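**Q** This is the content of start-v5.cif (mmCIF, C-alpha atoms):
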```
data_coords
#
loop_
_atom_site.label_atom_id
_atom_site.label_comp_id
_atom_site.auth_asym_id
_atom_site.auth_seq_id
_atom_site.Cartn_x
_atom_site.Cartn_y
_atom_site.Cartn_z
CA MET A 28 136.33 -58.04 -122.35
CA MET A 29 134.11 -58.91 -125.30
CA ALA A 30 133.31 -56.39 -128.02
CA ASP A 31 130.03 -54.47 -127.91
CA PRO A 32 127.42 -57.26 -127.97
CA ARG A 33 125.10 -55.06 -130.00
CA GLN A 34 127.63 -55.35 -132.86
CA MET A 35 128.08 -59.09 -132.53
CA PRO A 36 128.90 -60.98 -135.74
CA ASP A 37 126.66 -63.76 -137.00
CA GLY A 38 127.06 -67.23 -135.55
CA TRP A 39 126.35 -70.74 -136.81
CA PHE A 40 124.22 -73.65 -135.64
CA ASP A 41 124.33 -77.22 -136.94
CA LEU A 42 121.05 -79.00 -136.29
CA THR A 43 121.97 -82.66 -135.92
CA ALA A 44 119.70 -85.69 -135.96
CA SER A 45 121.23 -86.95 -132.72
CA ASP A 46 120.48 -83.70 -130.88
CA ASP A 47 116.95 -83.74 -132.25
CA ASP A 48 116.50 -87.34 -131.08
CA ARG A 49 117.67 -86.40 -127.60
CA VAL A 50 115.44 -83.33 -127.41
CA ARG A 51 112.45 -85.46 -128.36
CA GLU A 52 113.37 -88.02 -125.75
CA MET A 53 113.80 -85.47 -122.96
CA SER A 54 110.63 -83.57 -123.81
CA GLY A 55 108.40 -86.57 -124.54
CA ALA A 56 107.89 -85.78 -128.22
CA PRO A 57 106.95 -88.32 -130.90
CA ALA A 58 109.84 -89.84 -132.84
CA ARG A 59 110.87 -87.97 -135.99
CA THR A 60 109.31 -89.34 -139.18
CA ASP A 61 111.13 -87.15 -141.73
CA ASP A 62 113.79 -84.44 -141.64
CA ARG A 63 111.64 -81.87 -139.86
CA ALA A 64 113.16 -81.00 -136.49
CA HIS A 65 111.41 -80.38 -133.18
CA PRO A 66 110.25 -76.73 -133.15
CA ILE A 67 112.11 -75.98 -129.90
CA HIS A 68 115.34 -75.96 -131.92
CA ALA A 69 114.38 -72.41 -132.85
CA TYR A 70 115.23 -71.63 -129.24
CA LEU A 71 118.07 -74.09 -128.69
CA GLY A 72 119.79 -73.18 -131.94
CA ALA A 73 119.41 -69.49 -131.26
CA LEU A 74 121.32 -69.65 -128.00
CA ALA A 75 123.73 -72.37 -129.04
CA GLY A 76 124.56 -70.55 -132.26
CA MET A 77 125.38 -67.19 -130.73
CA PRO A 78 129.09 -66.46 -131.18
CA VAL A 79 129.44 -66.21 -127.40
CA PRO A 80 127.50 -68.02 -124.65
CA ILE A 81 124.51 -66.19 -123.24
CA ARG A 82 126.46 -65.65 -119.99
CA ASP A 83 129.20 -63.68 -121.75
CA PHE A 84 126.69 -61.86 -123.92
CA SER A 85 124.71 -60.83 -120.83
CA ARG A 86 127.80 -59.66 -119.00
CA GLY A 87 128.81 -57.68 -122.06
CA MET A 88 125.45 -55.94 -121.82
CA GLY A 89 126.19 -55.05 -118.19
CA LEU A 90 123.79 -57.60 -116.69
CA ALA A 91 124.35 -59.50 -113.43
CA PHE A 92 124.09 -62.96 -115.00
CA ASP A 93 125.33 -64.66 -111.83
CA ALA A 94 122.23 -63.35 -110.02
CA GLY A 95 120.16 -65.93 -111.92
CA PRO A 96 118.19 -64.52 -114.88
CA VAL A 97 114.79 -66.00 -115.74
CA LEU A 98 112.63 -65.97 -118.85
CA GLY A 99 109.67 -63.62 -119.08
CA ARG A 100 108.07 -64.50 -122.41
CA CYS A 101 109.09 -65.62 -125.84
CA THR A 102 107.71 -65.81 -129.35
CA LEU A 103 108.90 -68.32 -131.91
CA ARG A 104 108.04 -67.68 -135.55
CA TYR A 105 108.61 -70.13 -138.36
CA PRO A 106 108.80 -68.49 -141.79
CA GLY A 107 110.54 -71.67 -142.95
CA THR A 108 111.08 -75.18 -141.60
CA LEU A 109 113.91 -76.31 -139.34
CA ARG A 110 115.44 -79.54 -140.60
CA VAL A 111 117.98 -81.97 -139.20
CA GLY A 112 121.22 -82.22 -141.15
CA GLN A 113 121.03 -78.52 -141.95
CA GLY A 114 123.30 -75.65 -140.82
CA TYR A 115 121.90 -72.22 -139.97
CA ARG A 116 123.37 -68.74 -139.84
CA VAL A 117 122.47 -67.16 -136.50
CA LYS A 118 121.80 -63.44 -136.36
CA THR A 119 121.29 -61.74 -132.98
CA ARG A 120 119.70 -58.33 -132.49
CA VAL A 121 119.17 -56.43 -129.24
CA LEU A 122 115.62 -55.04 -129.31
CA SER A 123 115.67 -53.25 -125.96
CA LEU A 124 117.23 -53.17 -122.51
CA THR A 125 115.27 -51.50 -119.72
CA ARG A 126 115.44 -51.51 -115.92
CA LYS A 127 112.09 -52.00 -114.19
CA PRO A 128 110.80 -52.47 -110.64
CA SER A 129 110.35 -56.15 -109.79
CA ARG A 130 108.14 -57.70 -107.10
CA ARG A 131 110.52 -60.62 -106.83
CA PHE A 132 113.90 -58.94 -107.21
CA GLY A 133 113.33 -55.31 -106.22
CA GLN A 134 114.75 -54.17 -109.54
CA ALA A 135 115.44 -56.16 -112.68
CA ASP A 136 116.92 -55.59 -116.13
CA HIS A 137 114.66 -56.68 -119.00
CA LEU A 138 116.62 -57.60 -122.12
CA ASP A 139 114.65 -58.22 -125.32
CA LEU A 140 116.52 -60.14 -128.00
CA SER A 141 115.69 -61.33 -131.50
CA ILE A 142 117.66 -64.28 -132.89
CA THR A 143 117.10 -65.58 -136.42
CA LEU A 144 118.17 -68.94 -137.82
CA ALA A 145 118.55 -68.67 -141.57
CA ASP A 146 119.54 -71.06 -144.34
CA ALA A 147 120.15 -70.35 -148.02
CA ALA A 148 116.41 -69.90 -148.60
CA GLY A 149 116.10 -67.23 -145.91
CA PRO A 150 114.90 -67.15 -142.30
CA ALA A 151 113.70 -70.52 -141.03
CA SER A 152 112.87 -69.40 -137.49
CA ILE A 153 112.88 -66.21 -135.44
CA LEU A 154 113.04 -66.19 -131.66
CA GLU A 155 112.15 -63.10 -129.68
CA PHE A 156 112.48 -63.38 -125.94
CA ALA A 157 112.65 -61.32 -122.78
CA MET A 158 115.26 -62.25 -120.22
CA ILE A 159 114.81 -60.79 -116.75
CA THR A 160 117.95 -60.40 -114.70
CA PRO A 161 117.93 -59.26 -111.05
CA VAL A 162 119.93 -56.11 -110.42
CA SER A 163 122.77 -57.17 -108.16
CA GLY A 164 122.97 -55.66 -104.69
CA ASP A 165 126.26 -53.85 -105.34
CA GLU A 166 124.78 -51.60 -108.04
CA MET B 8 86.32 -79.42 -128.42
CA SER B 9 87.48 -81.25 -125.29
CA ASP B 10 90.73 -80.60 -123.46
CA ALA B 11 93.63 -83.04 -123.73
CA SER B 12 96.13 -83.65 -120.94
CA PHE B 13 99.64 -85.07 -121.04
CA ARG B 14 101.52 -85.95 -117.86
CA SER B 15 105.27 -86.23 -117.37
CA GLY B 16 107.89 -86.25 -114.65
CA PRO B 17 109.63 -86.31 -112.35
CA VAL B 18 111.81 -83.62 -113.92
CA SER B 19 115.38 -84.87 -113.99
CA GLY B 20 118.37 -82.91 -112.70
CA PRO B 21 120.74 -84.59 -115.19
CA ASP B 22 118.36 -83.66 -118.01
CA MET B 23 118.57 -80.04 -116.85
CA ALA B 24 122.33 -80.18 -117.30
CA GLU B 25 121.84 -81.60 -120.78
CA TRP B 26 119.39 -78.84 -121.74
CA CYS B 27 121.93 -76.31 -120.46
CA ALA B 28 124.68 -77.86 -122.57
CA MET B 29 122.47 -77.63 -125.66
CA LEU B 30 121.67 -74.00 -124.84
CA HIS B 31 125.30 -73.12 -124.01
CA ASP B 32 123.81 -71.75 -120.79
CA ASP B 33 125.64 -72.32 -117.53
CA ASN B 34 123.26 -70.31 -115.36
CA ALA B 35 123.98 -71.92 -111.98
CA ILE B 36 120.32 -72.00 -110.86
CA HIS B 37 119.86 -74.86 -113.35
CA LEU B 38 122.95 -76.75 -112.25
CA ARG B 39 123.51 -76.35 -108.52
CA ARG B 40 120.95 -76.51 -105.73
CA GLU B 41 122.89 -74.05 -103.58
CA ALA B 42 122.83 -71.52 -106.42
CA ALA B 43 119.07 -71.90 -106.80
CA GLU B 44 118.67 -71.43 -103.06
CA ALA B 45 120.95 -68.39 -102.99
CA ALA B 46 118.95 -66.79 -105.81
CA GLY B 47 115.71 -67.23 -103.86
CA PHE B 48 114.23 -70.17 -105.77
CA GLY B 49 114.34 -72.66 -102.89
CA PRO B 50 116.36 -75.85 -102.46
CA ARG B 51 115.74 -77.48 -105.86
CA ARG B 52 117.40 -76.78 -109.21
CA VAL B 53 115.35 -74.71 -111.65
CA ASN B 54 114.47 -76.24 -115.02
CA PRO B 55 115.54 -74.10 -118.00
CA GLY B 56 112.56 -72.25 -119.46
CA PRO B 57 113.03 -73.55 -123.02
CA ALA B 58 112.75 -77.11 -121.68
CA ASN B 59 109.37 -76.23 -120.18
CA LEU B 60 108.24 -74.92 -123.53
CA ALA B 61 109.55 -78.07 -125.23
CA TYR B 62 107.23 -80.21 -123.06
CA VAL B 63 104.27 -78.16 -124.22
CA ILE B 64 105.22 -78.32 -127.90
CA SER B 65 105.83 -82.06 -127.63
CA ALA B 66 102.37 -82.59 -126.17
CA ALA B 67 100.89 -80.69 -129.10
CA MET B 68 102.89 -82.87 -131.51
CA HIS B 69 101.27 -85.95 -129.95
CA ALA B 70 97.82 -84.41 -130.09
CA ARG B 71 98.21 -83.28 -133.70
CA PRO B 72 100.65 -85.61 -135.54
CA GLY B 73 102.50 -83.80 -138.32
CA VAL B 74 101.56 -80.36 -137.00
CA GLU B 75 103.62 -77.42 -138.31
CA PHE B 76 103.57 -74.20 -136.36
CA ALA B 77 103.63 -70.69 -137.75
CA GLU B 78 104.07 -69.01 -134.36
CA ILE B 79 104.30 -69.97 -130.70
CA THR B 80 104.08 -67.41 -127.91
CA ALA B 81 104.85 -68.50 -124.36
CA PHE B 82 104.50 -66.66 -121.06
CA PHE B 83 106.68 -67.94 -118.25
CA ALA B 84 104.73 -67.21 -115.09
CA GLY B 85 106.57 -69.57 -112.75
CA ASN B 86 109.30 -72.14 -112.53
CA VAL B 87 109.61 -75.90 -112.86
CA PHE B 88 111.94 -77.55 -110.38
CA GLU B 89 113.71 -80.88 -110.30
CA ASP B 90 111.43 -83.75 -109.28
CA ASP B 91 108.31 -81.83 -110.31
CA HIS B 92 105.49 -83.81 -111.91
CA LEU B 93 103.98 -81.90 -114.81
CA THR B 94 100.75 -81.76 -116.76
CA VAL B 95 100.30 -80.11 -120.16
CA THR B 96 96.69 -79.22 -120.92
CA LEU B 97 95.72 -78.38 -124.50
CA THR B 98 92.50 -76.57 -125.41
CA ASP B 99 90.99 -75.50 -128.73
CA GLY B 100 92.86 -78.31 -130.46
CA VAL B 101 96.47 -77.34 -129.88
CA SER B 102 96.05 -73.58 -130.00
CA HIS B 103 96.13 -72.93 -126.24
CA ALA B 104 98.25 -74.75 -123.70
CA THR B 105 99.17 -74.61 -120.05
CA LEU B 106 101.95 -76.33 -118.18
CA SER B 107 101.21 -77.04 -114.51
CA ALA B 108 103.27 -78.58 -111.74
CA LYS B 109 101.64 -80.96 -109.27
CA ASP B 110 100.62 -79.29 -105.99
CA ARG B 111 100.90 -75.77 -107.43
CA GLU B 112 97.71 -73.96 -108.29
CA ALA B 113 98.79 -71.50 -110.98
CA PRO B 114 100.22 -72.70 -114.29
CA VAL B 115 103.95 -72.14 -114.67
CA LEU B 116 103.64 -71.53 -118.40
CA THR B 117 100.89 -70.64 -120.83
CA ALA B 118 101.27 -70.75 -124.59
CA ILE B 119 99.37 -69.76 -127.70
CA MET B 120 100.26 -71.82 -130.76
CA LEU B 121 99.24 -70.97 -134.31
CA GLU B 122 99.43 -73.67 -136.94
CA LYS B 123 100.56 -73.08 -140.49
CA PRO B 124 97.66 -73.06 -142.95
#
```
Can you dump the structure from the file as structure tokens?

**A**
Amino acid sequence: MMADPRQMPDGWFDLTASDDDRVREMSGAPARTDDRAHPIHAYLGALAGMPVPIRDFSRGMGLAFDAGPVLGRCTLRYPGTLRVGQGYRVKTRVLSLTRKPSRRFGQADHLDLSITLADAAGPASILEFAMITPVSGDE
Amino acid sequence: MSDASFRSGPVSGPDMAEWCAMLHDDNAIHLRREAAEAAGFGPRRVNPGPANLAYVISAAMHARPGVEFAEITAFFAGNVFEDDHLTVTLTDGVSHATLSAKDREAPVLTAIMLEKP
């Protein structure tokens, strides 16, 4: 059993040039021309840099991850610039967790998270997203 | 200002697994067709949402070389499945975007993107 996910320690994310190259290739982005990384790393790094995988984090929050959570919305903010060859401290905060009626699932748990990637200069990116997880039938 | 469209696809199942590895996300709906079916998504694997957003951002990067974003907000209204053919449509420069899958009427994702001054 993992510790309370709301008290999770900071994690770490290394943004490598090879990962950035692959992300650009898979998403059809232009090739990199300097050290600025593809903006989606604000999302990738947030989840990859959590101290535990999102599955374990979700289970720790009491969510039925195996029921197949989906994304609702997300906001990415860039107070700084994400760069390849740079490491980032990853700070996760739970903003809210609420159970709501769902047309698709009957009932679903809505988890709002904020995950910041920060370097020595301060926050480089902030991801806020809502993950919607069906309430499993045995609850 | 006229719209700009960028087409891609078919969405690759092996790429889905690679996105999942990068996200440290082993949600089975992205990895196994039977899991997607059991969860009510139909017989094809479901593309991870951040990958869908990456297609949109990449299209904007083509339309506006060197662009730097201050904020991107995305609404995930539907799902992209393996073998889907996709179109990103940008309006107002790169400030509004939709991601649509061929043969589906409603966009699966809409995004508002604000550039840095």

**Q** Determine the nearest neighbour of A:Val50 from the options A:Met35, A:Leu71, A:Cys101, A:Ala91, counting only C-alpha atoms.

**A** A:Leu71

**Q** What are the nearest atom pairs, with distances in Å to one decimal, for all residues of chain A that come at most 8 Å from chain B, using all atoms listed in the file, set out by chain and rising residue number as CSV?

**A**
```
residue,atom,partner,partner_atom,distance
A:Arg51,CA,B:Ser65,CA,7.5
A:Met53,CA,B:Asp22,CA,7.0
A:Ser54,CA,B:Tyr62,CA,4.8
A:Gly55,CA,B:Ser65,CA,6.0
A:Ala56,CA,B:Ser65,CA,4.3
A:Pro57,CA,B:His69,CA,6.2
A:Pro66,CA,B:Ile64,CA,7.4
A:Ile67,CA,B:Ala61,CA,5.7
A:Tyr70,CA,B:Pro57,CA,6.9
A:Leu71,CA,B:Leu30,CA,5.3
A:Gly72,CA,B:Leu30,CA,7.4
A:Leu74,CA,B:Leu30,CA,5.4
A:Ala75,CA,B:Leu30,CA,5.0
A:Pro80,CA,B:His31,CA,5.6
A:Ile81,CA,B:Asp32,CA,6.1
A:Arg82,CA,B:Asp32,CA,6.7
A:Phe92,CA,B:Asn34,CA,7.4
A:Asp93,CA,B:Asn34,CA,7.0
A:Ala94,CA,B:Ala46,CA,6.3
A:Gly95,CA,B:Ile36,CA,6.2
A:Pro96,CA,B:Asn34,CA,7.7
A:Val97,CA,B:Gly56,CA,7.6
A:Leu98,CA,B:Phe83,CA,6.3
A:Gly99,CA,B:Phe83,CA,5.3
A:Arg100,CA,B:Phe82,CA,4.4
A:Cys101,CA,B:Ala81,CA,5.3
A:Thr102,CA,B:Thr80,CA,4.2
A:Leu103,CA,B:Ile79,CA,5.0
A:Arg104,CA,B:Glu78,CA,4.4
A:Tyr105,CA,B:Ala77,CA,5.0
A:Pro106,CA,B:Ala77,CA,6.9
```

**Q** Kindly give the distance, in Å, that separates atom CA of A:Val111 and atom CA of A:Ser45, rounded to a single decimal.

**A** 8.8 Å

**Q** Mind giving me the straight-line distance from atom CA of A:Arg33 to atom CA of A:Gly89 in Å, one decimal?

**A**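 So the answer is 11.9 Å.
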
**Q** Which of these residues is nearest to A:Leu140, using only C-alpha atoms: A:Pro128, A:Tyr115, A:Pro32, A:Pro78?

**A**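 Looking at the shortest contact to A:Leu140, the residue is A:Pro32.
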
**Q** Can you complete the atoms of stretch 52-75 of chain A to N, CA and C atoms and list them as an mmCIF file, in the coordinates of the input?

**A**
```cif
data_model
loop_
_atom_site.group_PDB
_atom_site.id
_atom_site.type_symbol
_atom_site.label_atom_id
_atom_site.label_comp_id
_atom_site.auth_asym_id
_atom_site.auth_seq_id
_atom_site.Cartn_x
_atom_site.Cartn_y
_atom_site.Cartn_z
ATOM 1 N N GLU A 52 113.406 -87.087 -126.869
ATOM 2 C CA GLU A 52 113.370 -88.020 -125.750
ATOM 3 C C GLU A 52 113.160 -87.275 -124.433
ATOM 4 N N MET A 53 113.893 -86.194 -124.239
ATOM 5 C CA MET A 53 113.800 -85.470 -122.960
ATOM 6 C C MET A 53 112.482 -84.730 -122.798
ATOM 7 N N SER A 54 111.866 -84.359 -123.916
ATOM 8 C CA SER A 54 110.630 -83.570 -123.810
ATOM 9 C C SER A 54 109.385 -84.407 -124.073
ATOM 10 N N GLY A 55 109.557 -85.703 -124.343
ATOM 11 C CA GLY A 55 108.400 -86.570 -124.540
ATOM 12 C C GLY A 55 107.712 -86.389 -125.876
ATOM 13 N N ALA A 56 108.475 -85.992 -126.891
ATOM 14 C CA ALA A 56 107.890 -85.780 -128.220
ATOM 15 C C ALA A 56 107.808 -87.094 -128.992
ATOM 16 N N PRO A 57 106.946 -87.153 -130.014
ATOM 17 C CA PRO A 57 106.950 -88.320 -130.900
ATOM 18 C C PRO A 57 108.284 -88.423 -131.639
ATOM 19 N N ALA A 58 108.623 -89.642 -132.051
ATOM 20 C CA ALA A 58 109.840 -89.840 -132.840
ATOM 21 C C ALA A 58 109.713 -89.104 -134.179
ATOM 22 N N ARG A 59 110.855 -88.683 -134.705
ATOM 23 C CA ARG A 59 110.870 -87.970 -135.990
ATOM 24 C C ARG A 59 110.518 -88.938 -137.120
ATOM 25 N N THR A 60 109.704 -88.487 -138.051
ATOM 26 C CA THR A 60 109.310 -89.340 -139.180
ATOM 27 C C THR A 60 109.898 -88.862 -140.502
ATOM 28 N N ASP A 61 110.470 -87.661 -140.529
ATOM 29 C CA ASP A 61 111.130 -87.150 -141.730
ATOM 30 C C ASP A 61 112.261 -86.232 -141.264
ATOM 31 N N ASP A 62 112.664 -85.274 -142.068
ATOM 32 C CA ASP A 62 113.790 -84.440 -141.640
ATOM 33 C C ASP A 62 113.365 -83.183 -140.873
ATOM 34 N N ARG A 63 112.079 -83.043 -140.611
ATOM 35 C CA ARG A 63 111.640 -81.870 -139.860
ATOM 36 C C ARG A 63 112.022 -82.011 -138.384
ATOM 37 N N ALA A 64 112.651 -80.957 -137.854
ATOM 38 C CA ALA A 64 113.160 -81.000 -136.490
ATOM 39 C C ALA A 64 112.093 -80.529 -135.502
ATOM 40 N N HIS A 65 112.293 -80.870 -134.242
ATOM 41 C CA HIS A 65 111.410 -80.380 -133.180
ATOM 42 C C HIS A 65 111.446 -78.842 -133.173
ATOM 43 N N PRO A 66 110.284 -78.203 -133.070
ATOM 44 C CA PRO A 66 110.250 -76.730 -133.150
ATOM 45 C C PRO A 66 111.066 -76.014 -132.069
ATOM 46 N N ILE A 67 111.370 -76.673 -130.959
ATOM 47 C CA ILE A 67 112.110 -75.980 -129.900
ATOM 48 C C ILE A 67 113.540 -75.674 -130.329
ATOM 49 N N HIS A 68 113.994 -76.283 -131.431
ATOM 50 C CA HIS A 68 115.340 -75.960 -131.920
ATOM 51 C C HIS A 68 115.443 -74.494 -132.336
ATOM 52 N N ALA A 69 114.316 -73.853 -132.592
ATOM 53 C CA ALA A 69 114.380 -72.410 -132.850
ATOM 54 C C ALA A 69 114.961 -71.689 -131.648
ATOM 55 N N TYR A 70 114.700 -72.222 -130.476
ATOM 56 C CA TYR A 70 115.230 -71.630 -129.240
ATOM 57 C C TYR A 70 116.644 -72.153 -128.950
ATOM 58 N N LEU A 71 116.775 -73.477 -129.004
ATOM 59 C CA LEU A 71 118.070 -74.090 -128.690
ATOM 60 C C LEU A 71 119.151 -73.585 -129.653
ATOM 61 N N GLY A 72 118.821 -73.590 -130.940
ATOM 62 C CA GLY A 72 119.790 -73.180 -131.940
ATOM 63 C C GLY A 72 120.147 -71.708 -131.827
ATOM 64 N N ALA A 73 119.161 -70.917 -131.409
ATOM 65 C CA ALA A 73 119.410 -69.490 -131.260
ATOM 66 C C ALA A 73 120.485 -69.236 -130.197
ATOM 67 N N LEU A 74 120.328 -69.880 -129.058
ATOM 68 C CA LEU A 74 121.320 -69.650 -128.000
ATOM 69 C C LEU A 74 122.626 -70.384 -128.272
ATOM 70 N N ALA A 75 122.512 -71.602 -128.782
ATOM 71 C CA ALA A 75 123.730 -72.370 -129.040
ATOM 72 C C ALA A 75 124.548 -71.759 -130.175
#
```
